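Structure first, then comments.
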Amino acid sequence: MLTAILLGFLFAFFLVFAGRFFKGKLAVVSALIPLSLFIYFASFIPRIASGEVVSKTYEWVPSFGVNLGFSLDGLSLLFSLMITGIGFLVYVYTSSYLKNHQYLDRFYAYLSVFMGAMLGLVLSDNIISMFVFWELTSISSFFLIGFNNTSEASRKSALTALGITGFGGFSLLAGALLLGSMTGTYSITEMMTMKEALAGHEFYILAVIFIFGAAFTKSAQFPFHFWLPGAMKAPTPVSTYLHSATMVKAGVYLLMRFTPVLGDTNFWNTTLIVVGGITMLYSAVHTLFRTDLKGVLAYSTISALGILVFLIGLGSQGAFLAAAVFIIVHALYKATLFLVTGIIDLQAGTRNVTVLAGLRKVMMPVAAAGFLAAISSAGIPPSVGFLGKELTYEASTHSTGMVILIVAAIVLTKILLLYAGFVAGIKPFTGRLPEKFTEAKMPDPLMWVPPLLLAILGIVFGIFPALIESYLVKPVVTALGKDASDIHLALWHGFNTVLVLSIITIVVGILLYFILKPSEKLENRIGKLEPVSPESILKKLTYFFGAFSKFWTNVFQNGYLRNYVTTIILFLVILVGYIFIGNSRLVIDHTKLSQITAYELAVTIILIAGVFYTVFTRSRIGAVAAMGVVGLAICLLFVFYSAPDLAMTQFSIDTLTVILFVLVLYRLPKYLVLSDYKMRIRDGILSLTFGGLISLIALQVLAEPVNSDVGDFYAKNAYIMAHGKNVVNVILVDFRGTDTLIEISVLAIAAIGVYGLLKLRVKSSDRPN
Amino acid sequence: MEILFAIIIGVLYAAGIYMILRRSLVKLIIGIILLGNGANLLIFLLGRITEGAPPIIPEESKVFLEAYADPVPQALILTAIVISFGLQSFAIILVKRAHKVVKTDDLDEMNATDEDS
Amino acid sequence: MKTLILKTASNYLLPVLLVFSVFILLRGHYLPGGGFVGGLIAAIAFVLHAFANGLAKAKDLLKIHPGFLMPIGLALAFLSGVAPVIGLDDPFMTGLWFPDPFPVIGNVGSALFFDIGVYLVVVGVTLTIIFTISESA
């Protein structure tokens, strides 16, 4: 199973080297990858249908309990088949859609990474690895939306999408860690057994909010929906694959996955119903005002996602059944419509519905696909869409509380979605063919077969619902923790309320389609509401955030070194000084201290005098010489206090430093009196305070008992284990040899840096102006 | 002697910080060197100073027979001294190069960030 | 600084200082000294020579650019650390020792080779820095 997930990544990696072979005619061959994966996952259908859960665990970071645990149940299987199946068709379609595109190989690489990540996401049983794959889908989506990286709008949309879904990913991580600490496990399967305890936990609400944050951003729920219409800047295959069929459903998947863990509480259900309800209505209304085909489809996708969230919120067996069926329905018809739109865009050169018409005359099979998809989207029998709509109505009429409101909302949404489906799937093909589109040609079969295939499947599943019933739908309901044995799918449910609602929907929807024509006037009207939309509010917030950061940075990162140093030192002085004065009394035990001899006193005086001369002299060479004196005095201190190695090293280094300074001194600028008297006094006081504080701390530490276990160990074993008698040297080359090795590497790097700075000249052509 | 040591360390720290706060590039480097010396001595002092007992095992024996100075701070300081030489030389060259490019010795005139330039 | 006395003296000082630096290096395991100090002394010897006789002469004496001493030293130090891993499957940096002491030097083990590596790196680093600076100053 790991191989199956990694296949996408491996193929992407392979494309890095072999990409150019896949740019020409061979491009379509890459579709074999999703096809083989599809067949692989399809082979699991009988086992899953019989109620089995296939799982496999690989150790990853066992110390943190993070394993690569994968499990394949009904829910994951449905998604895996969708990902690979639609993936296959999209791969085929792309080979023609982006024919001879300069970066076709890159596109396939991104697409493959996405597919691998998405598979990993739906198969992960471990919530941490799920998070990793979740983020990978966001990132690959970012690259795919920004695929036309020469267009500024593309890049902006990609950034918005990444920002929103990245925020969601963060929220998922927070939720994952919280759940992990609440249950003590990161395995979702294990969490299911602790459902009761979780629902009563004090952090339950918080965990649910985090999970919601992830799901709502990914699945474009109100008020995070606006990244999805922007994401339509991506090439159409991407919109088809990521932004309608698979990735945006990851949020829905997450909610479904966690229903058996966190679901069935008042908070969970109400929030989902409210958010899903608002989303589906809000964006369904929006479809009325769009003239861009992809815009219509984007909003109808958001609306469909809203319906799914809403259904999960209803939480009954019937609702889960409806959701499972609707996922299939939506994937089939929405993918078709997107693919059809892509063909129209390519052949007619526009996606504006107000001008598109009559295209059936030049591309009949495409028109057929569009028509069938529109039927399915409208829920007109015998399409599978009808089935999905019936089940949705069924579930909402059986909901608890506020039935009328719920039913009204869902019926209204469905009416508007019917309109959207018709606009996208039928409108461009009917009517008279305008002059300018006579040039449009029939596309390559590689392009029109995939949508037609999907559209036909939508009808076949509708006529023979048994095909999906026991193999796909029932296992999903089981995976969501409901009994699925009494489910029976059929087109005809008898004459009842649901059928009445269906008829109302279809009639009103079709009427709406004939009365209301999409126009730019309508689009402009909704444009007036733009300033209060969530998108512009977020934009303003981001702008404000950026401006504030800039202001804040300019206050602190003002480029004056001494301001930084002053701030740091002042902070230290105040903080440490406060603690020091408040908490401790300075005790100096004179009996423990060593005596001061005359020559030590002399060295100390020389040293301090040297320091003063270094600081206050106006002559640079004098300062350097005085510094040399300071170094030698320190060297003597080392000699007095039993550190011969240090003395030798200090002596040599001191010599070399002075040589170094003398060498470059004449190239260095002369001292200038740059600071005024006041400033020097201020700095002097600050430095003296700091120096005094260090002295006091040193004395304070001396009063504490010393722990020399480490030193004793080295001293004891220096000769016995390391055959050396100079313990300092033994530590350097033997006990702590690895440190020394790294240290000499650092030295070498410093030397190379010096060499590079002096010897290498930037070519004038490379120098930034 | 420990008190003298503490005073020396304080003086070195104060002088180092004072020099770093000046606006001249050369003073900045001298400040860094003084600060480094202060830090070395601080580590040395905190490891407790012992007179006339270097951490070297006597000729005829395999272990220490008498008190000895703690070797660990000494090993730390030894590497610190050598590393600080690398740091100093790099800093000196950097200053030299910066002086050549920006043509000023005033740190305050080097406060432009990448974005502004 | 090209005085006759310094020039003459440095001709004799260089070999003496170099031998002294090797002596410091070798005795480092038993008495004060070691690769760091030894390397610095050797570097000072060359710098002194360069001051007295000019940079070009000192460079001729070295034959190779001092920079090349750095990778050689690093490799030597690293190999002495890796040797036990390859040869005996012991952890990295395990000390290996010849069973019998050598005359003059004493016990010889992987630590000595490590110290020689340190010595070479220190000489290389110091000379690279000083030579580069004096060339461009």
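Labels used: A, B, ... for chains in the order of the structure tokens, numbers from 1 for residues in each chain, and numbers from 1 for ligands as shown.
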How close does chain A get to chain B? List, as a tab-separated table, each residue of chain A within 6 Å, its nearest atom pair and the distance in Å to one decimal, counting only C-alpha atoms.
```
residue	atom	partner	partner_atom	distance
A:Gly559	CA	B:Asn111	CA	4.0
A:Tyr560	CA	B:Asn111	CA	5.7
A:Arg562	CA	B:Leu21	CA	4.9
A:Ser594	CA	B:Met1	CA	5.6
A:Gln595	CA	B:Met1	CA	5.8
A:Ile596	CA	B:Met1	CA	4.9
A:Tyr641	CA	B:Glu51	CA	4.6
A:Ser642	CA	B:Pro54	CA	4.2
A:Ala643	CA	B:Pro54	CA	5.8
A:Leu646	CA	B:Leu78	CA	5.7
A:Ser687	CA	B:Ala14	CA	4.4
A:Leu688	CA	B:Ala14	CA	5.1
A:Gly691	CA	B:Gly10	CA	4.0
A:Gly692	CA	B:Gly10	CA	5.4
A:Ile694	CA	B:Gly10	CA	5.8
A:Ser695	CA	B:Ala6	CA	4.8
A:Gly711	CA	B:Val72	CA	5.6
A:Lys716	CA	B:Val63	CA	5.9
A:Tyr719	CA	B:Lys62	CA	5.9
A:Lys725	CA	B:Ile57	CA	4.9
A:Asn726	CA	B:Ile56	CA	4.5
A:Val727	CA	B:Pro55	CA	5.8
A:Val728	CA	B:Ala75	CA	5.3
A:Leu747	CA	B:Gly86	CA	5.8
A:Ala750	CA	B:Gly86	CA	5.6
A:Val754	CA	B:Phe90	CA	5.6
```
Closest atom pairs, chain C residues within 6 Å of chain A, only C-alpha atoms, as a Markdown table:
```
| residue | atom | partner | partner_atom | distance |
| --- | --- | --- | --- | --- |
| C:His29 | CA | A:Gly724 | CA | 5.0 |
| C:Tyr30 | CA | A:Lys725 | CA | 4.4 |
| C:Leu31 | CA | A:Asn726 | CA | 5.3 |
| C:Pro32 | CA | A:Asp645 | CA | 5.2 |
| C:Gly33 | CA | A:Asp645 | CA | 5.9 |
| C:Val37 | CA | A:Thr649 | CA | 5.3 |
| C:Ala111 | CA | A:Val733 | CA | 5.8 |
| C:Val125 | CA | A:Ala751 | CA | 5.3 |
| C:Ile129 | CA | A:Ala751 | CA | 5.7 |
```
Quick one: write out the picked residues with C-alpha atoms as an mmCIF file, in the first residue's frame?
```
data_model
loop_
_atom_site.group_PDB
_atom_site.id
_atom_site.type_symbol
_atom_site.label_atom_id
_atom_site.label_comp_id
_atom_site.auth_asym_id
_atom_site.auth_seq_id
_atom_site.Cartn_x
_atom_site.Cartn_y
_atom_site.Cartn_z
ATOM 1 C CA HIS C 29 49.406 13.945 24.970
ATOM 2 C CA TYR C 30 51.647 13.894 28.013
ATOM 3 C CA LEU C 31 52.705 17.453 28.653
ATOM 4 C CA PRO C 32 51.357 20.886 27.717
ATOM 5 C CA GLY C 33 51.127 21.229 23.967
ATOM 6 C CA VAL C 37 49.528 25.205 19.879
ATOM 7 C CA ALA C 111 44.454 10.273 18.797
ATOM 8 C CA VAL C 125 43.883 28.273 8.284
ATOM 9 C CA ILE C 129 44.307 34.145 6.377
#
```
Any chance you could tabulate, as CSV, the residues of chain C at most 12 Å from chain B with each one's nearest atom pair and distance in Å to one decimal, using only C-alpha atoms, in chain and rising number order?
```
residue,atom,partner,partner_atom,distance
C:Gly28,CA,B:Ile56,CA,10.5
C:His29,CA,B:Ile56,CA,9.4
C:Tyr30,CA,B:Ile56,CA,7.2
C:Leu31,CA,B:Ile56,CA,6.7
C:Pro32,CA,B:Ile56,CA,7.9
C:Gly33,CA,B:Leu78,CA,11.2
C:Gly34,CA,B:Leu78,CA,10.9
C:Gly35,CA,B:Thr79,CA,11.3
C:Phe36,CA,B:Val82,CA,7.7
C:Val37,CA,B:Val82,CA,9.3
C:Gly39,CA,B:Val82,CA,10.8
C:Leu40,CA,B:Val82,CA,9.2
C:Val118,CA,B:Thr79,CA,11.3
C:Val121,CA,B:Val82,CA,11.6
C:Val122,CA,B:Val82,CA,8.7
C:Val123,CA,B:Val82,CA,11.7
C:Gly124,CA,B:Gly86,CA,11.9
C:Val125,CA,B:Gly86,CA,8.2
C:Thr126,CA,B:Gly86,CA,8.3
C:Leu127,CA,B:Ser89,CA,11.6
C:Thr128,CA,B:Ser89,CA,10.8
C:Ile129,CA,B:Ser89,CA,7.2
C:Ile130,CA,B:Ser89,CA,8.7
C:Phe131,CA,B:Ser89,CA,11.9
C:Thr132,CA,B:Ile93,CA,10.1
C:Ile133,CA,B:Ile93,CA,8.0
C:Ser134,CA,B:Ile93,CA,11.4
C:Ser136,CA,B:Ile93,CA,10.6
C:Ala137,CA,B:Lys96,CA,9.8
```
Output of the above residues as a CSV table (one decimal), in the first residue's frame, restricted to N, CA, C and O atoms:
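Saved to out.csv:
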```
chain,number,residue,atom,x,y,z
C,28,GLY,N,52.1,16.6,23.2
C,28,GLY,CA,50.9,17.1,23.7
C,28,GLY,C,50.1,16.2,24.5
C,28,GLY,O,49.3,16.6,25.4
C,29,HIS,N,50.3,14.9,24.2
C,29,HIS,CA,49.4,13.9,25.0
C,29,HIS,C,49.9,13.8,26.4
C,29,HIS,O,49.1,13.3,27.3
C,30,TYR,N,51.1,14.1,26.7
C,30,TYR,CA,51.6,13.9,28.0
C,30,TYR,C,51.9,15.2,28.8
C,30,TYR,O,51.8,15.2,30.0
C,31,LEU,N,52.3,16.2,28.0
C,31,LEU,CA,52.7,17.5,28.7
C,31,LEU,C,52.0,18.6,27.9
C,31,LEU,O,51.5,18.3,26.8
C,32,PRO,N,52.0,19.8,28.4
C,32,PRO,CA,51.4,20.9,27.7
C,32,PRO,C,51.8,21.0,26.3
C,32,PRO,O,53.0,20.8,25.9
C,33,GLY,N,50.8,21.2,25.4
C,33,GLY,CA,51.1,21.2,24.0
C,33,GLY,C,50.0,20.6,23.2
C,33,GLY,O,48.9,20.6,23.7
C,34,GLY,N,50.2,20.2,22.0
C,34,GLY,CA,49.2,19.6,21.2
C,34,GLY,C,49.1,20.3,19.8
C,34,GLY,O,49.8,21.2,19.5
C,35,GLY,N,48.1,19.8,19.1
C,35,GLY,CA,47.9,20.2,17.7
C,35,GLY,C,47.6,21.7,17.6
C,35,GLY,O,48.2,22.3,16.7
C,36,PHE,N,46.8,22.3,18.4
C,36,PHE,CA,46.5,23.7,18.3
C,36,PHE,C,47.7,24.6,18.5
C,36,PHE,O,48.0,25.4,17.6
C,37,VAL,N,48.4,24.4,19.6
C,37,VAL,CA,49.5,25.2,19.9
C,37,VAL,C,50.6,25.0,18.9
C,37,VAL,O,51.2,25.9,18.3
C,39,GLY,N,50.4,23.9,15.8
C,39,GLY,CA,50.1,24.5,14.5
C,39,GLY,C,50.3,26.0,14.5
C,39,GLY,O,50.8,26.6,13.6
C,40,LEU,N,49.9,26.6,15.6
C,40,LEU,CA,50.1,28.1,15.7
C,40,LEU,C,51.5,28.5,15.7
C,40,LEU,O,51.9,29.4,15.0
C,118,VAL,N,44.6,18.2,13.3
C,118,VAL,CA,44.3,19.5,13.9
C,118,VAL,C,45.5,20.4,13.5
C,118,VAL,O,45.3,21.6,13.1
C,121,VAL,N,45.4,21.6,10.0
C,121,VAL,CA,44.3,22.5,9.7
C,121,VAL,C,44.6,23.9,10.3
C,121,VAL,O,44.5,24.9,9.6
C,122,VAL,N,45.2,23.9,11.5
C,122,VAL,CA,45.5,25.2,12.1
C,122,VAL,C,46.6,25.9,11.3
C,122,VAL,O,46.4,27.1,11.0
C,123,VAL,N,47.6,25.2,10.9
C,123,VAL,CA,48.6,25.9,10.0
C,123,VAL,C,48.0,26.4,8.8
C,123,VAL,O,48.2,27.5,8.4
C,124,GLY,N,47.2,25.6,8.1
C,124,GLY,CA,46.5,26.0,6.9
C,124,GLY,C,45.7,27.2,7.0
C,124,GLY,O,45.8,28.1,6.3
C,125,VAL,N,44.8,27.2,8.1
C,125,VAL,CA,43.9,28.3,8.3
C,125,VAL,C,44.7,29.6,8.5
C,125,VAL,O,44.4,30.6,7.9
C,126,THR,N,45.6,29.5,9.5
C,126,THR,CA,46.3,30.7,9.9
C,126,THR,C,47.1,31.3,8.7
C,126,THR,O,47.0,32.5,8.4
C,127,LEU,N,47.8,30.4,8.0
C,127,LEU,CA,48.6,30.9,6.9
C,127,LEU,C,47.7,31.5,5.7
C,127,LEU,O,48.0,32.5,5.1
C,128,THR,N,46.6,30.7,5.5
C,128,THR,CA,45.7,31.2,4.4
C,128,THR,C,45.3,32.6,4.8
C,128,THR,O,45.3,33.5,3.9
C,129,ILE,N,44.8,32.8,6.0
C,129,ILE,CA,44.3,34.1,6.4
C,129,ILE,C,45.4,35.2,6.3
C,129,ILE,O,45.2,36.2,5.6
C,130,ILE,N,46.5,34.9,6.9
C,130,ILE,CA,47.6,36.0,6.9
C,130,ILE,C,48.1,36.2,5.5
C,130,ILE,O,48.3,37.4,5.1
C,131,PHE,N,48.4,35.2,4.8
C,131,PHE,CA,48.9,35.4,3.4
C,131,PHE,C,48.0,36.1,2.5
C,131,PHE,O,48.3,37.0,1.8
C,132,THR,N,46.7,35.7,2.6
C,132,THR,CA,45.7,36.4,1.8
C,132,THR,C,45.7,37.9,2.1
C,132,THR,O,45.6,38.7,1.2
C,133,ILE,N,45.7,38.2,3.4
C,133,ILE,CA,45.6,39.6,3.8
C,133,ILE,C,46.8,40.3,3.4
C,133,ILE,O,46.7,41.4,2.8
C,134,SER,N,48.0,39.8,3.6
C,134,SER,CA,49.1,40.6,3.2
C,134,SER,C,49.3,40.7,1.7
C,134,SER,O,49.9,41.7,1.3
C,136,SER,N,46.8,41.2,-0.3
C,136,SER,CA,45.9,42.2,-0.9
C,136,SER,C,45.9,43.5,-0.1
C,136,SER,O,45.3,44.5,-0.5
C,137,ALA,N,46.7,43.5,1.0
C,137,ALA,CA,46.8,44.8,1.7
C,137,ALA,C,47.7,45.8,1.0
C,137,ALA,O,48.6,45.4,0.3
```
(message) Applying 10 Å and only C-alpha atoms, which residues near A:Val54 remain after dropping the ones on its own chain fewer than 5 positions away? List them as a PyMOL selection string.
(response) chain A and resi 1+44+47-48+70-74
(request) Could you give me, as JSON, numbers by chain, the residues within 9 Å of stretch 6-10 of chain C, counting only C-alpha atoms and dropping anything in the same chain fewer than 6 positions from it? (result) {"C": [45, 48, 49, 51, 52, 53]}
